[in-house]
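Visitor: Pasting input.cif here (mmCIF, C-alpha atoms):
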data_run
#
loop_
_atom_site.label_atom_id
_atom_site.label_comp_id
_atom_site.auth_asym_id
_atom_site.auth_seq_id
_atom_site.Cartn_x
_atom_site.Cartn_y
_atom_site.Cartn_z
CA MET A 570 200.59 -54.39 -4.25
CA LYS A 571 201.06 -56.89 -1.46
CA LEU A 572 198.30 -59.22 -0.44
CA ASN A 573 198.19 -61.46 2.62
CA GLU A 574 198.50 -64.41 0.27
CA ARG A 575 199.33 -67.02 2.84
CA SER A 576 196.16 -66.26 4.78
CA VAL A 577 194.14 -66.08 1.60
CA ALA A 578 195.44 -69.48 0.49
CA HIS A 579 194.64 -70.85 3.92
CA TYR A 580 191.09 -69.53 3.66
CA ALA A 581 190.79 -71.22 0.27
CA THR A 582 191.75 -74.62 1.56
CA CYS A 583 190.35 -74.68 5.07
CA ASP A 584 187.19 -76.43 6.15
CA SER A 585 184.83 -73.49 5.90
CA PRO A 586 181.95 -74.20 3.55
CA ALA A 587 182.23 -73.38 -0.12
CA ASP A 588 179.30 -71.84 -1.93
CA HIS A 589 180.02 -73.86 -5.02
CA ALA A 590 182.74 -76.11 -6.35
CA GLY A 591 183.48 -78.12 -9.44
CA PHE A 592 185.67 -78.65 -12.46
CA LEU A 593 185.68 -76.03 -15.17
CA ARG A 594 187.81 -75.49 -18.17
CA LYS A 595 189.49 -72.12 -18.10
CA ARG A 596 190.54 -70.42 -21.29
CA VAL A 597 194.22 -69.60 -21.45
CA GLU A 598 194.63 -65.90 -22.12
CA ARG A 599 197.31 -64.75 -24.46
CA HIS A 600 199.08 -61.52 -23.79
CA HIS A 601 198.66 -59.71 -27.08
CA HIS A 602 195.96 -57.05 -27.44
CA HIS A 603 194.14 -58.46 -30.39
CA ALA A 604 194.23 -62.05 -29.42
CA HIS A 605 192.18 -64.15 -31.74
CA HIS A 606 190.65 -66.95 -29.90
CA HIS A 607 190.55 -69.40 -32.74
CA GLY A 608 192.13 -72.49 -31.41
CA ALA A 609 192.21 -71.07 -27.92
CA SER A 610 193.36 -73.57 -25.41
CA TYR A 611 191.71 -74.45 -22.16
CA GLN A 612 192.98 -75.83 -18.90
CA ARG A 613 190.88 -77.95 -16.63
CA ARG A 614 190.94 -76.65 -13.09
CA TRP A 615 189.15 -77.34 -9.84
CA PHE A 616 187.19 -74.22 -8.90
CA VAL A 617 186.00 -73.33 -5.42
CA LEU A 618 183.72 -70.38 -4.71
CA LYS A 619 183.81 -68.95 -1.19
CA GLY A 620 181.90 -65.74 -0.74
CA ASN A 621 183.21 -63.19 -3.23
CA LEU A 622 186.35 -65.18 -3.96
CA LEU A 623 186.73 -67.68 -6.75
CA PHE A 624 189.75 -69.90 -6.27
CA TYR A 625 191.12 -72.37 -8.74
CA PHE A 626 193.39 -75.32 -8.17
CA GLU A 627 195.37 -77.49 -10.48
CA GLU A 628 193.82 -80.59 -8.98
CA ARG A 629 190.97 -81.18 -6.58
CA GLU A 630 193.43 -82.38 -3.96
CA SER A 631 195.93 -79.57 -4.44
CA ARG A 632 197.13 -78.00 -1.21
CA GLU A 633 197.24 -74.48 -2.59
CA PRO A 634 195.24 -72.55 -5.15
CA VAL A 635 196.90 -71.67 -8.41
CA GLY A 636 194.85 -68.51 -8.66
CA LEU A 637 192.09 -66.31 -7.35
CA VAL A 638 189.46 -64.10 -8.96
CA VAL A 639 188.03 -61.43 -6.67
CA LEU A 640 184.39 -61.08 -7.67
CA GLU A 641 183.43 -57.51 -6.91
CA GLY A 642 182.11 -55.31 -9.68
CA CYS A 643 181.86 -58.07 -12.24
CA THR A 644 179.15 -59.41 -14.47
CA VAL A 645 178.66 -63.02 -15.41
CA GLU A 646 177.30 -63.77 -18.84
CA LEU A 647 176.88 -66.62 -21.21
CA CYS A 648 179.28 -66.21 -24.05
CA GLU A 649 179.29 -67.19 -27.65
CA ALA A 650 182.65 -68.80 -27.57
CA SER A 651 183.27 -71.67 -29.90
CA GLU A 652 182.77 -73.86 -26.87
CA GLU A 653 179.42 -75.07 -25.65
CA PHE A 654 178.46 -74.30 -22.01
CA ALA A 655 180.86 -71.36 -21.90
CA PHE A 656 180.35 -68.30 -19.73
CA ALA A 657 182.47 -65.29 -18.92
CA ILE A 658 183.26 -63.21 -15.87
CA ARG A 659 183.76 -59.64 -17.02
CA PHE A 660 184.79 -56.54 -15.15
CA ASP A 661 183.74 -52.91 -15.70
CA ASP A 662 187.24 -51.82 -16.42
CA ALA A 663 187.57 -51.26 -20.16
CA GLY A 664 190.88 -52.95 -20.64
CA ALA A 665 190.25 -55.75 -18.22
CA ARG A 666 190.45 -59.27 -19.41
CA ALA A 667 187.53 -61.60 -19.15
CA TYR A 668 187.69 -65.01 -17.57
CA VAL A 669 186.14 -67.49 -19.96
CA LEU A 670 185.08 -70.69 -18.30
CA VAL A 671 183.52 -73.81 -19.72
CA ALA A 672 181.28 -76.15 -17.76
CA ASP A 673 180.64 -79.84 -18.30
CA GLY A 674 177.02 -79.45 -19.24
CA GLN A 675 173.96 -77.20 -19.27
CA ALA A 676 173.03 -77.78 -15.64
CA ALA A 677 176.56 -77.20 -14.39
CA MET A 678 176.85 -74.01 -16.42
CA GLU A 679 173.55 -72.66 -15.10
CA ALA A 680 174.49 -73.49 -11.54
CA TRP A 681 177.81 -71.71 -11.85
CA VAL A 682 176.35 -68.63 -13.50
CA LYS A 683 173.74 -68.40 -10.78
CA ALA A 684 176.26 -68.87 -7.96
CA LEU A 685 178.73 -66.38 -9.41
CA SER A 686 176.08 -63.75 -10.10
CA ARG A 687 175.20 -63.66 -6.44
CA ALA A 688 178.71 -63.87 -5.13
CA SER A 689 179.53 -60.25 -4.44
CA PHE A 690 179.86 -58.86 -0.94
CA ASP A 691 177.59 -55.98 -1.93
CA TYR A 692 174.82 -58.33 -2.99
CA MET A 693 175.06 -60.34 0.22
CA ARG A 694 174.98 -57.17 2.25
CA LEU A 695 171.78 -56.13 0.46
CA VAL A 696 170.15 -59.49 1.15
CA VAL A 697 170.98 -59.29 4.84
CA LYS A 698 169.61 -55.74 5.07
CA GLU A 699 166.38 -56.85 3.42
CA LEU A 700 165.99 -59.74 5.85
CA GLU A 701 166.64 -57.39 8.71
CA LYS A 702 163.78 -55.22 7.47
CA GLN A 703 161.54 -58.24 7.00
CA LEU A 704 162.18 -59.27 10.56
CA GLU A 705 161.32 -55.79 11.82
CA GLU A 706 158.11 -55.82 9.83
CA ALA A 707 157.18 -59.30 11.01
CA CYS A 708 157.77 -58.15 14.55
CA LYS A 709 155.57 -55.12 14.04
CA SER A 710 152.80 -57.27 12.56
CA LEU A 711 152.94 -59.49 15.56
CA ALA A 712 152.72 -56.53 17.89
CA ALA A 713 149.81 -55.11 15.89
CA CYS A 714 147.92 -58.39 16.05
CA ARG A 715 148.12 -58.61 19.77
CA LYS A 716 145.34 -56.85 21.62
CA SER A 717 146.08 -57.94 25.12
CA PRO A 718 149.54 -57.55 26.49
CA GLN A 719 150.51 -61.15 26.20
CA ARG A 720 153.83 -62.38 27.28
CA SER A 721 155.09 -63.09 23.87
CA SER A 722 157.98 -62.89 21.61
CA CYS A 723 157.99 -59.36 20.33
CA SER A 724 159.16 -57.08 23.07
CA GLY A 725 161.13 -59.82 24.67
CA ARG A 726 162.61 -60.47 21.33
CA LYS A 727 163.78 -56.90 20.96
CA ARG A 728 166.78 -57.81 23.02
CA HIS A 729 167.55 -60.75 20.84
CA LEU A 730 167.12 -58.89 17.60
CA SER A 731 170.66 -57.74 17.98
CA ASN A 732 172.52 -60.13 15.84
CA PRO A 733 173.88 -62.93 17.95
CA ALA A 734 176.48 -63.46 15.29
CA LEU A 735 178.05 -60.46 16.98
CA LEU A 736 177.58 -61.50 20.58
CA PRO A 737 180.04 -64.36 20.63
CA LEU A 738 182.62 -62.08 19.08
CA GLN A 739 182.21 -59.69 21.95
CA GLU A 740 181.92 -62.24 24.70
CA LYS A 741 184.50 -64.75 23.64
CA PRO A 742 187.01 -62.97 21.49
CA THR A 743 189.55 -65.66 21.90
CA THR A 744 187.48 -68.52 20.65
CA LEU A 745 185.43 -67.00 17.89
CA GLU A 746 187.35 -64.80 15.56
CA ASN A 747 186.10 -62.68 12.74
CA GLY A 748 183.98 -64.91 10.58
CA TYR A 749 185.59 -68.04 11.87
CA SER A 750 184.39 -70.78 14.12
CA THR A 751 185.59 -74.32 14.31
CA TRP A 752 183.82 -76.27 11.63
CA GLY A 753 183.13 -79.52 13.39
CA SER A 754 181.30 -81.05 10.49
CA GLY A 755 183.88 -79.70 8.12
CA GLY A 756 184.25 -80.55 4.50
CA CYS A 757 183.72 -78.47 1.45
CA VAL A 758 180.52 -78.75 -0.49
CA ALA A 759 181.07 -80.62 -3.67
CA GLY A 760 179.39 -79.75 -6.94
CA GLY A 761 175.67 -79.07 -6.84
CA ALA A 762 174.79 -77.00 -3.82
CA THR A 763 174.58 -73.32 -4.49
CA CYS A 764 174.13 -72.45 -0.88
CA THR A 765 175.29 -74.11 2.24
CA ASP A 766 173.51 -73.60 5.46
CA HIS A 767 176.12 -74.23 8.08
CA ASP A 768 174.75 -73.08 11.34
CA THR A 769 177.38 -72.21 13.88
CA GLY A 770 175.35 -74.20 16.35
CA GLN A 771 174.19 -71.30 18.45
CA THR A 772 170.65 -71.19 17.10
CA LYS A 773 169.25 -74.38 15.75
CA PRO A 774 166.68 -73.56 13.08
CA PRO A 775 163.23 -74.28 14.45
CA PRO A 776 161.06 -76.85 12.67
CA LEU A 777 159.23 -75.48 9.66
CA PRO A 778 155.77 -74.12 10.41
CA PRO A 779 153.20 -76.86 9.77
CA ARG A 780 152.17 -77.17 6.18
CA ARG A 781 148.98 -75.37 5.59
CA ARG A 782 145.90 -77.10 4.31
CA LEU A 783 143.85 -74.03 3.71
CA ALA A 784 140.14 -74.66 3.27
CA ALA A 785 138.84 -72.93 0.19
CA CYS A 786 135.79 -71.72 2.10
CA SER A 787 135.40 -69.65 5.17
CA THR A 788 133.02 -70.51 7.98
CA THR A 789 130.11 -68.84 6.21
CA GLY A 790 130.56 -71.02 3.20
CA SER A 791 131.61 -68.37 0.75
CA PRO A 792 135.11 -68.49 -0.61
CA VAL A 793 137.54 -66.37 1.27
CA PRO A 794 138.37 -63.54 -1.07
CA GLY A 795 141.79 -63.24 -2.53
CA LEU A 796 143.09 -66.55 -1.31
CA SER A 797 144.19 -69.43 -3.36
CA LEU A 798 145.66 -72.70 -2.30
CA ALA A 799 148.48 -72.30 -4.71
CA MET A 800 149.60 -69.06 -3.15
CA LEU A 801 150.12 -70.58 0.26
CA GLU A 802 150.78 -74.12 -0.77
CA SER A 803 154.37 -74.94 -0.03
CA PRO A 804 156.51 -73.08 2.40
CA VAL A 805 159.75 -71.77 1.08
CA PRO A 806 162.37 -74.37 1.90
CA PRO A 807 164.88 -73.28 4.48
CA GLU A 808 167.72 -73.32 1.98
CA THR A 809 166.19 -70.46 -0.02
CA VAL A 810 168.58 -67.62 0.02
CA CYS A 811 166.79 -65.64 -2.66
CA PHE A 812 165.42 -62.84 -0.56
CA SER A 813 162.84 -61.75 -3.06
CA LYS A 814 161.24 -65.19 -2.75
CA LEU A 815 161.41 -65.04 1.02
CA HIS A 816 160.07 -61.52 0.93
CA ASN A 817 157.12 -62.54 -1.19
CA TRP A 818 156.26 -65.60 0.79
CA TYR A 819 156.45 -64.17 4.27
CA GLY A 820 154.93 -60.89 3.21
CA GLN A 821 151.95 -62.66 1.69
CA GLU A 822 151.48 -64.93 4.65
CA ILE A 823 151.33 -62.10 7.15
CA ALA A 824 149.00 -60.11 4.93
CA VAL A 825 146.67 -63.09 4.54
CA LEU A 826 146.58 -63.88 8.23
CA ARG A 827 145.92 -60.29 9.08
CA ARG A 828 143.11 -60.13 6.56
CA GLU A 829 141.55 -63.31 7.93
CA TRP A 830 141.63 -61.96 11.41
CA GLN A 831 140.19 -58.62 10.39
CA GLU A 832 137.35 -60.31 8.49
CA ARG A 833 136.45 -62.31 11.50
CA GLN A 834 136.40 -59.19 13.58
CA LYS A 835 134.04 -57.54 11.12
CA ARG A 836 131.68 -60.48 10.98
CA GLY A 837 131.44 -60.43 14.72
CA HIS A 838 131.04 -63.38 17.00
CA PRO A 839 128.69 -66.12 15.86
CA MET B 14 199.04 -67.58 -6.37
CA ARG B 15 197.78 -65.45 -9.22
CA TYR B 16 195.02 -62.96 -8.65
CA ASN B 17 193.27 -60.21 -10.54
CA GLU B 18 195.33 -57.37 -9.16
CA ARG B 19 193.87 -54.88 -11.57
CA GLU B 20 190.38 -55.44 -10.18
CA LEU B 21 191.68 -55.32 -6.64
CA LEU B 22 193.33 -51.97 -7.36
CA SER B 23 190.06 -50.79 -8.84
CA LEU B 24 188.29 -51.91 -5.69
CA ALA B 25 190.77 -49.89 -3.64
CA ARG B 26 189.56 -46.79 -5.44
CA GLN B 27 185.89 -47.43 -4.61
CA PRO B 28 184.11 -45.45 -1.89
CA ALA B 29 185.15 -46.94 1.40
CA GLU B 30 183.03 -48.05 4.33
CA LYS B 31 185.66 -46.47 6.47
CA ALA B 32 188.90 -44.63 5.82
CA ALA B 33 191.36 -42.84 8.06
CA GLU B 34 194.98 -41.99 8.57
CA ILE B 35 196.22 -44.44 11.14
CA ARG B 36 199.68 -45.44 12.24
CA MET B 37 200.28 -49.00 11.27
CA SER B 38 202.92 -51.67 11.53
CA VAL B 39 203.27 -54.96 9.69
CA PRO B 40 204.39 -58.23 11.31
CA LYS B 41 207.95 -58.04 10.10
CA LYS B 42 211.05 -57.96 12.22
CA GLY B 43 212.04 -54.42 13.09
CA SER B 44 208.81 -52.99 11.72
CA VAL B 45 207.83 -49.63 13.14
CA LEU B 46 204.54 -47.78 13.16
CA LYS B 47 204.11 -45.62 10.08
CA LYS B 48 201.33 -43.27 9.15
CA ARG B 49 199.16 -44.85 6.50
CA LEU B 50 195.85 -44.17 4.83
CA VAL B 51 193.78 -47.19 5.80
CA LYS B 52 190.67 -47.95 3.80
CA LEU B 53 187.99 -50.59 4.35
CA VAL B 54 186.17 -51.73 1.22
CA VAL B 55 183.93 -54.80 1.42
CA ASN B 56 186.08 -57.52 3.02
CA PHE B 57 189.42 -55.95 2.17
CA LEU B 58 191.52 -53.53 4.14
CA PHE B 59 193.78 -51.47 1.88
CA TYR B 60 196.63 -49.38 3.15
CA PHE B 61 198.37 -46.58 1.27
CA ARG B 62 201.30 -44.26 1.81
CA THR B 63 199.48 -41.06 2.57
CA ASP B 64 200.49 -39.33 -0.66
CA GLU B 65 200.09 -42.22 -3.07
CA ALA B 66 197.15 -43.26 -5.19
CA GLU B 67 197.94 -46.95 -5.29
CA PRO B 68 197.85 -49.05 -2.11
CA ILE B 69 201.01 -50.64 -0.77
CA GLY B 70 198.99 -53.61 0.31
CA ALA B 71 195.66 -55.29 0.94
CA LEU B 72 194.43 -57.60 3.67
CA LEU B 73 191.59 -60.01 3.03
CA LEU B 74 189.52 -59.93 6.20
CA GLU B 75 188.30 -63.53 6.34
CA HIS B 76 189.24 -65.84 9.20
CA CYS B 77 191.00 -63.05 10.96
CA ARG B 78 190.97 -61.97 14.56
CA ILE B 79 190.47 -58.35 15.50
CA THR B 80 191.92 -57.70 18.95
CA LYS B 81 191.71 -54.61 21.05
CA GLU B 82 195.21 -54.10 22.40
CA GLU B 83 196.33 -51.29 24.68
CA GLU B 84 194.80 -47.84 24.59
CA ASN B 85 194.08 -46.58 21.06
CA VAL B 86 195.55 -49.74 19.57
CA PHE B 87 194.00 -52.73 17.85
CA SER B 88 195.53 -55.53 15.86
CA ILE B 89 194.57 -57.85 13.04
CA SER B 90 195.95 -61.37 12.89
CA PHE B 91 194.97 -64.46 10.96
CA ILE B 92 193.82 -67.84 12.20
CA GLU B 93 196.75 -69.83 10.95
CA GLU B 94 199.38 -67.44 12.32
CA PRO B 95 197.96 -65.71 15.38
CA GLU B 96 201.29 -64.25 16.51
CA ARG B 97 201.83 -62.30 13.33
CA LYS B 98 199.99 -59.09 14.02
CA TYR B 99 199.23 -56.03 11.99
CA CYS B 100 199.02 -53.24 14.56
CA PHE B 101 197.06 -50.04 14.26
CA GLU B 102 197.46 -47.06 16.54
CA CYS B 103 194.48 -44.73 16.34
CA ALA B 104 194.27 -41.08 17.28
CA THR B 105 191.63 -41.70 19.94
CA GLU B 106 190.15 -44.61 21.87
CA GLU B 107 186.80 -43.86 20.25
CA GLN B 108 188.26 -44.17 16.79
CA CYS B 109 189.88 -47.42 17.86
CA GLN B 110 186.56 -48.90 19.06
CA GLU B 111 184.81 -47.83 15.86
CA TRP B 112 187.39 -49.57 13.73
CA VAL B 113 187.28 -52.74 15.82
CA GLU B 114 183.49 -52.90 15.43
CA ALA B 115 183.59 -52.15 11.72
CA LEU B 116 186.30 -54.72 11.03
CA LYS B 117 184.50 -57.45 12.96
CA ARG B 118 181.54 -57.01 10.62
CA ALA B 119 183.65 -56.79 7.50
CA SER B 120 183.77 -60.41 6.46
CA TYR B 121 181.63 -62.40 4.11
CA GLU B 122 181.43 -65.10 6.77
CA PHE B 123 179.88 -62.56 9.14
CA LEU B 124 177.24 -61.67 6.55
CA ARG B 125 176.53 -65.34 6.02
CA ARG B 126 175.89 -65.91 9.70
CA SER B 127 173.70 -62.81 9.84
CA LEU B 128 171.65 -64.15 6.96
CA ILE B 129 171.10 -67.45 8.75
CA PHE B 130 170.18 -65.63 11.94
CA TYR B 131 167.58 -63.34 10.34
CA ARG B 132 166.09 -66.14 8.33
CA ASN B 133 165.66 -68.28 11.43
CA GLU B 134 164.18 -65.39 13.36
CA ILE B 135 161.66 -64.69 10.62
CA GLN B 136 160.70 -68.34 10.59
CA LYS B 137 160.21 -68.35 14.33
CA MET B 138 158.33 -65.06 14.16
CA THR B 139 156.02 -66.32 11.46
CA GLY B 140 155.27 -69.43 13.47
CA LYS B 141 154.53 -67.25 16.48
CA VAL B 142 152.22 -64.97 14.51
CA ARG B 143 149.98 -67.83 13.69
CA VAL B 144 149.99 -69.23 17.21
CA ALA B 145 149.11 -65.81 18.62
CA LEU B 146 146.24 -65.41 16.17
CA GLN B 147 144.84 -68.82 16.97
CA ALA B 148 144.92 -68.05 20.65
CA LEU B 149 143.22 -64.72 20.09
CA LEU B 150 140.54 -66.14 17.84
CA GLY B 151 139.97 -68.96 20.29
CA ALA B 152 139.52 -66.45 23.08
CA ALA B 153 137.02 -64.49 20.98
CA GLY B 154 134.68 -67.46 20.95
CA PHE B 155 135.45 -69.21 17.73
CA GLY B 156 135.78 -72.90 18.04
CA TRP B 157 138.96 -74.45 16.79
CA GLN B 158 137.07 -76.40 14.18
CA GLN B 159 135.94 -73.21 12.56
CA LEU B 160 139.43 -72.03 11.88
CA PRO B 161 141.10 -72.96 8.66
CA ALA B 162 143.73 -75.51 9.36
CA LEU B 163 147.01 -73.74 9.43
#
Show me, as structure tokens, the structure contained in the file I just sent.

Guide:
Amino acid sequence: MKLNERSVAHYATCDSPADHAGFLRKRVERHHHHAHHHGASYQRRWFVLKGNLLFYFEERESREPVGLVVLEGCTVELCEASEEFAFAIRFDDAGARAYVLVADGQAAMEAWVKALSRASFDYMRLVVKELEKQLEEACKSLAACRKSPQRSSCSGRKRHLSNPALLPLQEKPTTLENGYSTWGSGGCVAGGATCTDHDTGQTKPPPLPPRRRLAACSTTGSPVPGLSLAMLESPVPPETVCFSKLHNWYGQEIAVLRREWQERQKRGHP
Amino acid sequence: MRYNERELLSLARQPAEKAAEIRMSVPKKGSVLKKRLVKLVVNFLFYFRTDEAEPIGALLLEHCRITKEEENVFSISFIEEPERKYCFECATEEQCQEWVEALKRASYEFLRRSLIFYRNEIQKMTGKVRVALQALLGAAGFGWQQLPAL
């Protein structure tokens, strides 16, 4: 089966941000069926994860990848190889080989396992759908909280809810191709970061909402039911991609604010 | 460049986001349009001879440009070689537009930008929720000092 290898290799080496990168030792697979892995040999390679594609290079500065592992339909697990800090990428297919990789240490291994577990297109698609729903719900909450028709974000925002990631593609097809924009800041992410947050520059992320210092007591002096400082203490940092965390945090916040407002309504004006 | 072809072939057998018989040509000299089964699965476009189970080829859809050409026709080319085009002639203009839209969304990079967009919007929205509430509560006669600091 042919693959557009030249383009794939170009994608591997171009400036677009990597989700993770680092040295790993890769077990050399022998071609017999009942390979015993006593005395298996390993090759040190430079690995670069971009989306659902795991590339590996002979050297960090190599111009072209030696190989590629497409990461759809795989599981990533720690493995009891004779090596410490080893993990394996396995595919559903019964006869499929596993990729056994060895990290430099505990932290590196954990970071890789985490990054690879989340690397499938399907998973990313799920996350985006969830966030889309969250945004809809946040918008509805906002609309519900407003009594008077204030000139505010929600209805005006309806227009902008259509993903602007699409708009440039439609308006400027020659300058912004599918998934590609000129990476001015460039450079691949080395080691540590499991998620890069390269904004294309169209929407600058707004400053974080001010940190809350929630008083433990309400105006009447009795503790506000169901609230705890800990729950609302620190906002989720902008780099959090884990949607379940985002979901929890924003969901809680809206629920709490709504409850506060409703309580005040019930108590009436002082 | 080595790659896990077996898994890619397995992926080609997965349920597709979109599949159709479309006439297609590859960017090779003297290439003509041939009827192919074209199948979009995640960020790969597979193409098969219509009677075969295994694809002839696969295109990774990252850093590619999807261009609407003349009527019923669109093309796929890649950033580093924009003149080399894979051309697709659809049965109808509608089908053509559908494929163009679907392919533009079919990259991991697109999903990544969507994620950033939604996350920013939620952040903005959340900020706005609190501002709106404060304004409302202020209007209802509560002094600012009575509100918990937000």

Visitor: What is the distance, in Å and to one decimal place, between CA of Met37 in chain B and CA of Cys100 in chain B?

Guide: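 Rounded to one decimal, the two atoms are 5.5 Å apart.
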
Visitor: To one decimal place in Å, what is the distance between CA of Val638 in chain A and CA of Ala66 in chain B?

Guide: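 If I compute the distance from CA of Val638 in chain A to CA of Ala66 in chain B, I get 22.5 Å.
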
Visitor: Apply the PyMOL selection byres ((chain B and resi 120) around 12) to the structure shown and report the selected residues as a PyMOL selection string.

Guide: (chain A and resi 619-622+689-691+693-694+734-735+746-749) or (chain B and resi 53-58+72-79+114-119+121-127)

Visitor: Could you list, as a list of chain:residue names, every residue matched by the PyMOL selection byres ((chain A and resi 609-617) around 7) in this structure?

Guide: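 On the file shown, the PyMOL selection byres ((chain A and resi 609-617) around 7) covers A:Ala587, A:His589, A:Ala590, A:Gly591, A:Phe592, A:Leu593, A:Arg594, A:Lys595, A:Arg596, A:Val597, A:His606, A:His607, A:Gly608, A:Leu618, A:Lys619, A:Leu623, A:Phe624, A:Tyr625, A:Phe626, A:Glu627, A:Glu628, A:Arg629.
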
Visitor: Run through the PyMOL selection byres ((chain B and resi 51) around 7) on the given coordinates and return the selected residues as a PyMOL selection string.

Guide: chain B and resi 32-35+49-50+52-53+58-61

Visitor: Please write the residues from the selection above to a file, keeping C-alpha atoms, as an mmCIF file, in the frame of the given file.

Guide:
data_model
loop_
_atom_site.group_PDB
_atom_site.id
_atom_site.type_symbol
_atom_site.label_atom_id
_atom_site.label_comp_id
_atom_site.auth_asym_id
_atom_site.auth_seq_id
_atom_site.Cartn_x
_atom_site.Cartn_y
_atom_site.Cartn_z
ATOM 1 C CA ALA B 32 188.900 -44.630 5.820
ATOM 2 C CA ALA B 33 191.360 -42.840 8.060
ATOM 3 C CA GLU B 34 194.980 -41.990 8.570
ATOM 4 C CA ILE B 35 196.220 -44.440 11.140
ATOM 5 C CA ARG B 49 199.160 -44.850 6.500
ATOM 6 C CA LEU B 50 195.850 -44.170 4.830
ATOM 7 C CA LYS B 52 190.670 -47.950 3.800
ATOM 8 C CA LEU B 53 187.990 -50.590 4.350
ATOM 9 C CA LEU B 58 191.520 -53.530 4.140
ATOM 10 C CA PHE B 59 193.780 -51.470 1.880
ATOM 11 C CA TYR B 60 196.630 -49.380 3.150
ATOM 12 C CA PHE B 61 198.370 -46.580 1.270
#

Visitor: Report, in Å to a single decimal, how far apart CA of Cys103 in chain B and CA of Lys47 in chain B are.

Guide: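 So the two atoms, CA of Lys47 in chain B and CA of Cys103 in chain B, lie 11.5 Å apart.
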
Visitor: Can you find the residues with an atom no farther than 12 Å from (196.0, -67.6, -2.0), counting all atoms listed in the file, and report them as number ranges by chain?

Guide: A: 571-583, 622-626, 632-639; B: 14-17, 72-73

Visitor: Out of A:Asp588, A:Glu679, A:Glu646, A:Glu641, which residue has the shortest atom-to-atom distance to chain B when counting only C-alpha atoms?

Guide: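 Ranked by minimum distance to chain B, first place goes to A:Glu641.
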
Visitor: Restricting the calculation to all atoms listed in the file: of B:Gln27, B:Lys81, B:Gly43, B:Ala71, which residue gets closest to chain A?

Guide: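 Going through B:Gln27, B:Lys81, B:Gly43, B:Ala71 one by one, the smallest distance to chain A is for B:Ala71.
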
Visitor: Which of these, B:Arg36, B:Val113, B:Met138, B:Arg132, has the shortest distance to Ile89 in chain B once you count all atoms listed in the file?

Guide: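 Under the stated criterion, the closest residue is B:Val113.
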